[in-house]
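**Q** Below: one structure in structure tokens.
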Number of protein chains: 4
Amino acid sequence: MTLRDDLNETERDILAKVTKGEIPYHRIDSLAGKEAAVRIRRYAVEDSYGVELEHIQLCSLDLEAATKRNIENMIGTIQVPLGVAGPLKVKGEFAEGSYHIPLATTEGALVASVNRGCSVITGSDGANVRIFQDVMTRAPVFKLDNVVRAREFSDWVKRPDVFARMKDKASQTTRFGELVGVEPYVAGNTVYLRFSYDTKDAMGMNMVTIATEALTALIGDEFGAIPVSLSGNMCTDKKPASINTILGRGKTVVADVVIPKALVGERLKCKPETMVDVNYRKNLLGSARAGALGYNAHAANIIAAMFIACGQDAAHVVEGSTAITTMELTQYGDLYCSVTIPALAVGTVGGGTSLGPQGDCLKLLGVKGPGTPPGTNSKKLAEIVAAAVLAGEISLIGAQAAGHLARAHAELGR
Amino acid sequence: MTLRDDLNETERDILAKVTKGEIPYHRIDSLAGKEAAVRIRRYAVEDSYGVELEHIQLCSLDLEAATKRNIENMIGTIQVPLGVAGPLKVKGEFAEGSYHIPLATTEGALVASVNRGCSVITGSDGANVRIFQDVMTRAPVFKLDNVVRAREFSDWVKRPDVFARMKDKASQTTRFGELVGVEPYVAGNTVYLRFSYDTKDAMGMNMVTIATEALTALIGDEFGAIPVSLSGNMCTDKKPASINTILGRGKTVVADVVIPKALVGERLKCKPETMVDVNYRKNLLGSARAGALGYNAHAANIIAAMFIACGQDAAHVVEGSTAITTMELTQYGDLYCSVTIPALAVGTVGGGTSLGPQGDCLKLLGVKGPGTPPGTNSKKLAEIVAAAVLAGEISLIGAQAAGHLARAHAELGR
Amino acid sequence: MTLRDDLNETERDILAKVTKGEIPYHRIDSLAGKEAAVRIRRYAVEDSYGVELEHIQLCSLDLEAATKRNIENMIGTIQVPLGVAGPLKVKGEFAEGSYHIPLATTEGALVASVNRGCSVITGSDGANVRIFQDVMTRAPVFKLDNVVRAREFSDWVKRPDVFARMKDKASQTTRFGELVGVEPYVAGNTVYLRFSYDTKDAMGMNMVTIATEALTALIGDEFGAIPVSLSGNMCTDKKPASINTILGRGKTVVADVVIPKALVGERLKCKPETMVDVNYRKNLLGSARAGALGYNAHAANIIAAMFIACGQDAAHVVEGSTAITTMELTQYGDLYCSVTIPALAVGTVGGGTSLGPQGDCLKLLGVKGPGTPPGTNSKKLAEIVAAAVLAGEISLIGAQAAGHLARAHAELGR
Amino acid sequence: MTLRDDLNETERDILAKVTKGEIPYHRIDSLAGKEAAVRIRRYAVEDSYGVELEHIQLCSLDLEAATKRNIENMIGTIQVPLGVAGPLKVKGEFAEGSYHIPLATTEGALVASVNRGCSVITGSDGANVRIFQDVMTRAPVFKLDNVVRAREFSDWVKRPDVFARMKDKASQTTRFGELVGVEPYVAGNTVYLRFSYDTKDAMGMNMVTIATEALTALIGDEFGAIPVSLSGNMCTDKKPASINTILGRGKTVVADVVIPKALVGERLKCKPETMVDVNYRKNLLGSARAGALGYNAHAANIIAAMFIACGQDAAHVVEGSTAITTMELTQYGDLYCSVTIPALAVGTVGGGTSLGPQGDCLKLLGVKGPGTPPGTNSKKLAEIVAAAVLAGEISLIGAQAAGHLARAHAELGR
């Protein structure tokens, strides 16, 4: 298509072979330098489809690291616009102070909406936040002979001595992680063991998968049961599931605030009563009528934008979307608002957290890397996310109460 | 903190005032040039928190457009690594041919996994894909006096002449969109009207919100009912909900493929019978036991990565995660695999699709901008996404069947 | 065991052979008179297990009819205590007036509780009731070759000419029933056709099963698809399912009432505000947090007791239990209460309705047998059930608000 | 209407006053003898509505006991036809041997269907049954000041010393029951405490309500929190709820059996493969597609019929309906079948178990009254119910596999 004159001869030769199908894409990394490999692959794709991909080439990431840990067959980067909302005053156990919330999104009006919510919360002296549980789970599935054997397995798993050996075994696979529980669930001859771990500052999916594989080896040795699959979907990872909304997965975190009646009128242009009514008919009754697992307005929007900004796993937005938002009148006529996020999977080490821009956002929140003591940074991040979701809920319910959602959308192109 | 010598004097003055709190962040855009505004805001944030955000400043986006349509309070961009998987042969009604799938992710092993799935599908002569429905919904909520009045409202809404007037009214708000249905749902005195629209190549949330606001005006005029909120959560947007898995929202799209037994052995290192068993105990029985709304392995992973790459709304991963994956033995011992995505919200115009890098990914798939006729590009994109999800499911279930999920994770750092 | 001297010689001979296993239980009916057969079987059971079953022998049912239509291997009857609550004023479209509600139950306090609710409703000038939909469904499941064929099937099913032929075919199998709709649902190569029928005064499961079998013959002839099963669980019969709560099955019926503030205080010993708060935290928030499909206090109690009394299918209590109860303050400080029952399966002909005692209860409500015009009796029954459920909800929430649930239970032995 | 000559003068006087509204129905019991009171009330109802209720008057129940514990405002009894299915061989831990299953139903074909299933199970050497958990729950709901206080409450509840005091307090309210656990669930400022009790042979709802009321007094004294309601719907009683399917309520019981291939052909007229396919597409895939909480064919039918026969609470059919049925091919081509009932609420003391006919059915199963040691009778009953449900599932899936469900219904009038 073009001259590709930013490739040297060897590289151009590789490109030719790739185009002819003689070299597969994923082999290029071992034949050329990191940066050249990305470029060769992009050219190959361009040649194959007769398109020019000019905008994805901009990249300031550490390619060595990124291609080792974050991506395969890399051809460039996607730039997601990054905005901030704030300041947001948070009164958590780990996050105490005011923060600007980084939001990476392409949906116009979102940052503005969260920003308004932050202003309301901060003007109400901040959001209380508390974490009620913090475990990452993995649930391998086993097939036993029959229900008699399933019961024996279930009994065996619950034995304190067995758990002690499991805890020890798991600890050999990870420096920070710790097995904290296991619960068997049965369906006929099929048994699911839902293992729970404290994974400290890591989101922990990788850690718990490795530890659980070690545990299945122990189970094979001691009980003779071999897993059908390391994950039997009772974990449950990246699918909406009641087991997570009820028992939690990742952080179970709750934020609330009381907004003075006057502030509701001034900033949200409506009355507490109206917001209570909107929240009741929409987030509770409407979600119930829809057979929903999430009882909120748009928690997923804020979580998605913060997750992309902070190098979290974007697919974990699914679990986050099951939040419950409540709004109530206080006895003084003020507005009580809360958001309960049963399953928030976040980490400040591993995954996308080590990439440059994502790391910048974590730095902005003061949570980059492992905390002191371990686990405190990811907990702090979770508290900030919850407060930001609360801001988003307050703003949107306020807007709907004030009747101008559509107008805002029309104006801001969302 | 630093000299900020890339700001001119006026800009430095603005920064000073912003830092002192005299100018709010969102006002900066009207006081400085687009690029300078982004920089001033970034500096302000850096100064406030005493951090240096060096990696988020890289940006080749059209700031004029981005700050108008996609983001507020912009301070930079997040770069998400972009890889490709493929070629993936798709036999849809709109997507016919082979494609390289763009995936923006920070989760190592994902692209490699999808790539393997693509290879299996393409080696099996491609995936069939069909779209069964294509509507975007918006459901305002009304409070009536009582159930008698709710019934009258429900009856009125179902009248053909009323629907004709609604259709006409809606058409005045949009060039491409079309009202195709309305269904009332009642809970006591509360009535939800779930409006369905054909939004052609747009994902359509903005379009249907505007059109629905116009319809609520008509309803107010003709029936005298005023909406409590433009969205009553029976839409249902960005929350997992049975109403979407049953009735669909966005595209309802299904993909399948028959993989010859030999290919399963060669590429996936296991037997069709084993994959059928893993899928049964994990994706069906395990999800059922977990009270899940999604019966798949990791559809959300693929959808999230493609959505970020292609400028889709990342929060819509929630709906996508409710996919159902099936695997069955054929009478010849081959492996039948399918994935059913009841609610896939995609578009090729609007939202993040007009940003440079995101547009590159749409170009790569041949779906940038409006299709001819309108709607064909977004349908083509939906078909490709479904085939890619199928690839992801086949690869992961294959890996779990082959027993090396954890090892793969350990090696690839995921 | 005993002399069995109420048997004649032939009958005693049959008993001996039954006891020795030479005659199976179900053969007895063809060898002895109806009444003797019941007695012989009871004696055989008594002899086998060495027990005396003295209380089940009382029976005034028409054995000829009962053993033909309602039961096999009959050994006697269970007497369920029958009480009445009322009068309950109902302002429906079919039920207009005051009724005493027959409740067959063994749970102490239930009748008393409903009675209190009736008194409150009647004292508030009665409950409004409206039916929003009335269809019985049956959903056979088909396996097609692949998604391409599934799409063709789905398209074919939606053709007006095909539906016309189906309607005609169905009408040949039933005098009263009428096919009113069909909706295809797809999961890979599997297609579910959810047929909806108007079954007039019959609950209709039998009718729709027969009609649907005829339709599958037509489908086999015309399209060549053979059902895997006449029911594919998307009907959904006797399992809690969102498809029923959203789309309805049987009658979708809603009842409401406004209770003056003074009456709440006088009869329920609490304040409207407290009941609103209990209903909010329990029926809405608590059910949401529990991952429930039912948002009520104890709708199942009332439905079970009325169903047993009125000869309905007791297993259909399952669908009824998914009701939604709301309580709201009116602008005058009175209490608005509603109950929405999305899927209430009732009939006044067929099933247990023709048995004597059950028929008495239908007579009491003025709904025995077919209505004029057909369908009006079952609709009237549905309206009365809904009003009775509303009474039960008001009473229990009132009791919980007044803080004396446990005491009531302790006193009444429930 | 009639002479009422079976009333004496005093009784006729009462009747007259009742009819005039001078004496309310529930006052009659204190003015006349038990039997006369029932008769007077029936006459009053007859007179009010101008109907004759001749069939409900038959009654051999102990009226003294029934009107004290089971019913208020009694006017007679409903006779439900009672049949038996069996023998059913059960290999449980508490039920070991063969049983005839009592089924009280008005739905023709049900007993015959279960009977066929019993024959298949018994012919396969019986069903294994195991109980995995046995607790009855009650979850009061509390409103705290905010999430900070909710967290303190949650922490306090989890303290071992607090639990010890709760256990002690609960034990003072019941001779047999025992508090075995408590788990807090939070939604904003609202906290649900799900208390679990071992209730031995009682179903236990009454017991746990009384005990929980005592515990709320302790909580009020020690922590200062007052319950909004003694039940906050996270129990969850008589509503379908994931918390019960996941965590269990009442007995969590699983039954399975391997049916030799030849027996499937001989008795069920089909092949194991076909039944596996029907079960897969109907009970798993169909239920998933319908957004169901129950993955079975008709567990509710069997549970309803056994519950009415055995004096259980018929509204608890709701929880039972969430069973999961699995069918799989063994390596030898035989058919493995299982049913998992997560939440089966049964008891052999209290409720309707003390009524004559209901007691007869319990005697028939050898479970009348308290077991030795306490709890063994209700566990035995649960095992038998589970095996009977398995029989029902096998028979119906077999019938659907053999394609003759509709015919059976047509012939038997169901």
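Chain lettering (A, B, ...) mirrors the order of the structure tokens, residue numbering begins at 1 for each chain separately, and ligand numbering begins at 1 in order of display.
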I need the residues of segment 202-408 of chain A that end up classed as alpha helix (DSSP H) by DSSP on the backbone, written out as JSON, numbers by chain.
**A** {"A": [205, 206, 207, 208, 209, 210, 211, 212, 213, 214, 215, 216, 217, 218, 219, 220, 221, 222, 242, 243, 244, 245, 246, 247, 261, 262, 263, 264, 265, 266, 267, 268, 272, 273, 274, 275, 276, 277, 278, 287, 288, 289, 299, 300, 301, 302, 303, 304, 305, 306, 307, 308, 309, 317, 318, 319, 320, 356, 357, 358, 359, 360, 361, 362, 363, 364, 365, 376, 377, 378, 379, 380, 381, 382, 383, 384, 385, 386, 387, 388, 389, 390, 391, 392, 393, 394, 395, 396, 397, 398, 399, 400, 401, 405, 406, 407, 408]}
**Q** Please report as a tab-separated table every residue of chain C lying within 8 Å of chain B, along with the nearest atom pair and their distance in Å (one decimal), using only C-alpha atoms.
**A**
```
residue	atom	partner	partner_atom	distance
C:Asn128	CA	B:Val147	CA	6.8
C:Val129	CA	B:Val147	CA	6.9
C:Arg130	CA	B:Val148	CA	6.6
C:Phe132	CA	B:Arg151	CA	6.9
C:Asn146	CA	B:Asp256	CA	7.0
C:Val147	CA	B:Asp256	CA	6.4
C:Val148	CA	B:Arg130	CA	6.6
C:Arg151	CA	B:Arg130	CA	6.9
C:Tyr185	CA	B:Ile246	CA	7.8
C:Val186	CA	B:Thr340	CA	7.7
C:Ala187	CA	B:Thr340	CA	5.6
C:Gly188	CA	B:Ser338	CA	5.0
C:Asn189	CA	B:Ser338	CA	7.6
C:Ser242	CA	B:Ser242	CA	6.2
C:Ile243	CA	B:Ile246	CA	6.8
C:Ile246	CA	B:Ile243	CA	6.8
C:Val254	CA	B:Gly188	CA	6.2
C:Ala255	CA	B:Val147	CA	6.8
C:Asp256	CA	B:Val147	CA	6.4
C:Ile324	CA	B:Ala187	CA	7.1
C:Thr325	CA	B:Gly188	CA	7.9
C:Thr326	CA	B:Gly188	CA	7.0
C:Cys337	CA	B:Gly188	CA	7.9
C:Ser338	CA	B:Gly188	CA	5.0
C:Val339	CA	B:Gly188	CA	6.1
C:Thr340	CA	B:Ala187	CA	5.6
```
**Q** Excluding Ala300 of chain A and residues on its chain fewer than 6 positions from it, collect all residues at most 12 Å away from it, counting only C-alpha atoms, and give them as number ranges by chain.
**A** A: 105, 110, 294, 306-308, 314-324, 341, 344, 385-386, 388-390, 392-393; B: 237-240, 313-319
**Q** If we count only C-alpha atoms, what is near Leu3 of chain B at a cut-off of 12 Å, once residues fewer than 2 positions away on the same chain are taken out, given as a ChimeraX atom specification?
**A** /B:1,5-9,12,15,43,47
**Q** Would you write out those residues with C-alpha atoms, as a PDB file, in the first residue's frame?
**A**
```pdb
ATOM      1  CA  MET B   1       5.581  22.333  41.186  1.00  0.00           C
ATOM      2  CA  ASP B   5       6.818  26.884  30.697  1.00  0.00           C
ATOM      3  CA  ASP B   6       4.672  25.475  27.956  1.00  0.00           C
ATOM      4  CA  LEU B   7       1.935  27.818  29.111  1.00  0.00           C
ATOM      5  CA  ASN B   8       1.855  31.454  28.057  1.00  0.00           C
ATOM      6  CA  GLU B   9       1.281  34.156  30.570  1.00  0.00           C
ATOM      7  CA  ARG B  12      -0.423  30.587  33.613  1.00  0.00           C
ATOM      8  CA  LEU B  15      -3.879  28.082  36.167  1.00  0.00           C
ATOM      9  CA  TYR B  43      -1.359  21.061  35.843  1.00  0.00           C
ATOM     10  CA  ASP B  47      -0.507  20.936  41.769  1.00  0.00           C
TER      11      ASP B  47
END
```
**Q** Considering only C-alpha atoms, return as a list in words whatever protein or nucleic-acid residues lie within 12 Å of Leu329 of chain B, sequence-local ones (same chain, fewer than 2 positions apart) excluded.
**A**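 That gives Val257, Val258, Ile259, Pro260, Lys261, Val264, Lys271, Pro272, Glu273, Thr274, Met275, Val276, Asp277, Asn279, Tyr280, Thr326, Met327, Gln331, Tyr332, Gly333, Asp334, Leu335, Tyr336, Cys337 and Ser338 of chain B; Glu273 and Asp277 of chain D.
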**Q** Take the residues from that selection and write them out as a JSON list (two decimals), in the first residue's frame, keeping N, CA and C atoms.
**A**
```
[["chain", "number", "residue", "atom", "x", "y", "z"],
["B", 257, "VAL", "N", -21.14, -22.74, 15.24],
["B", 257, "VAL", "CA", -20.16, -23.40, 14.39],
["B", 257, "VAL", "C", -20.10, -24.88, 14.76],
["B", 258, "VAL", "N", -19.82, -25.71, 13.78],
["B", 258, "VAL", "CA", -19.54, -27.12, 14.08],
["B", 258, "VAL", "C", -18.05, -27.35, 13.88],
["B", 259, "ILE", "N", -17.38, -27.78, 14.94],
["B", 259, "ILE", "CA", -15.93, -28.01, 14.87],
["B", 259, "ILE", "C", -15.67, -29.50, 14.72],
["B", 260, "PRO", "N", -15.01, -29.86, 13.63],
["B", 260, "PRO", "CA", -14.72, -31.29, 13.44],
["B", 260, "PRO", "C", -13.93, -31.84, 14.62],
["B", 261, "LYS", "N", -14.25, -33.04, 14.99],
["B", 261, "LYS", "CA", -13.62, -33.72, 16.11],
["B", 261, "LYS", "C", -12.09, -33.65, 16.03],
["B", 264, "VAL", "N", -10.71, -30.31, 17.07],
["B", 264, "VAL", "CA", -10.75, -30.13, 18.52],
["B", 264, "VAL", "C", -9.50, -30.74, 19.15],
["B", 271, "LYS", "N", -11.03, -33.45, 23.80],
["B", 271, "LYS", "CA", -12.07, -34.13, 23.04],
["B", 271, "LYS", "C", -13.39, -33.35, 23.09],
["B", 272, "PRO", "N", -14.18, -33.42, 22.02],
["B", 272, "PRO", "CA", -15.50, -32.76, 22.05],
["B", 272, "PRO", "C", -16.30, -33.14, 23.29],
["B", 273, "GLU", "N", -16.29, -34.42, 23.68],
["B", 273, "GLU", "CA", -17.06, -34.87, 24.83],
["B", 273, "GLU", "C", -16.67, -34.09, 26.10],
["B", 274, "THR", "N", -15.38, -33.87, 26.26],
["B", 274, "THR", "CA", -14.92, -33.16, 27.44],
["B", 274, "THR", "C", -15.40, -31.71, 27.44],
["B", 275, "MET", "N", -15.33, -31.08, 26.28],
["B", 275, "MET", "CA", -15.79, -29.70, 26.21],
["B", 275, "MET", "C", -17.29, -29.61, 26.48],
["B", 276, "VAL", "N", -18.05, -30.56, 25.95],
["B", 276, "VAL", "CA", -19.49, -30.59, 26.21],
["B", 276, "VAL", "C", -19.73, -30.71, 27.71],
["B", 277, "ASP", "N", -18.97, -31.55, 28.36],
["B", 277, "ASP", "CA", -19.15, -31.76, 29.80],
["B", 277, "ASP", "C", -18.76, -30.50, 30.60],
["B", 279, "ASN", "N", -18.78, -27.43, 29.51],
["B", 279, "ASN", "CA", -19.78, -26.39, 29.25],
["B", 279, "ASN", "C", -21.06, -26.66, 30.04],
["B", 280, "TYR", "N", -21.46, -27.93, 30.11],
["B", 280, "TYR", "CA", -22.67, -28.31, 30.83],
["B", 280, "TYR", "C", -22.54, -28.02, 32.33],
["B", 326, "THR", "N", -23.69, -22.68, 24.36],
["B", 326, "THR", "CA", -24.03, -24.11, 24.37],
["B", 326, "THR", "C", -22.98, -24.91, 23.61],
["B", 327, "MET", "N", -22.76, -26.11, 24.04],
["B", 327, "MET", "CA", -21.88, -27.04, 23.32],
["B", 327, "MET", "C", -22.55, -28.41, 23.32],
["B", 331, "GLN", "N", -24.23, -35.87, 15.79],
["B", 331, "GLN", "CA", -24.35, -37.32, 15.60],
["B", 331, "GLN", "C", -23.07, -37.95, 15.06],
["B", 332, "TYR", "N", -22.20, -37.11, 14.48],
["B", 332, "TYR", "CA", -20.94, -37.64, 13.96],
["B", 332, "TYR", "C", -19.79, -37.49, 14.94],
["B", 333, "GLY", "N", -20.11, -37.02, 16.15],
["B", 333, "GLY", "CA", -19.06, -36.89, 17.14],
["B", 333, "GLY", "C", -18.30, -35.58, 17.05],
["B", 334, "ASP", "N", -18.77, -34.67, 16.19],
["B", 334, "ASP", "CA", -18.15, -33.35, 16.12],
["B", 334, "ASP", "C", -18.74, -32.45, 17.21],
["B", 335, "LEU", "N", -18.18, -31.25, 17.33],
["B", 335, "LEU", "CA", -18.59, -30.36, 18.42],
["B", 335, "LEU", "C", -19.41, -29.19, 17.89],
["B", 336, "TYR", "N", -20.66, -29.11, 18.31],
["B", 336, "TYR", "CA", -21.50, -27.96, 17.97],
["B", 336, "TYR", "C", -21.36, -26.93, 19.09],
["B", 337, "CYS", "N", -21.04, -25.70, 18.72],
["B", 337, "CYS", "CA", -20.90, -24.62, 19.73],
["B", 337, "CYS", "C", -21.75, -23.44, 19.30],
["B", 338, "SER", "N", -22.42, -22.81, 20.25],
["B", 338, "SER", "CA", -23.16, -21.60, 19.92],
["B", 338, "SER", "C", -23.05, -20.59, 21.04],
["D", 273, "GLU", "N", -30.41, -41.40, 26.02],
["D", 273, "GLU", "CA", -29.92, -40.24, 25.27],
["D", 273, "GLU", "C", -31.03, -39.20, 25.07],
["D", 277, "ASP", "N", -31.28, -35.36, 26.48],
["D", 277, "ASP", "CA", -31.47, -34.21, 25.60],
["D", 277, "ASP", "C", -32.68, -33.38, 26.01]]
```
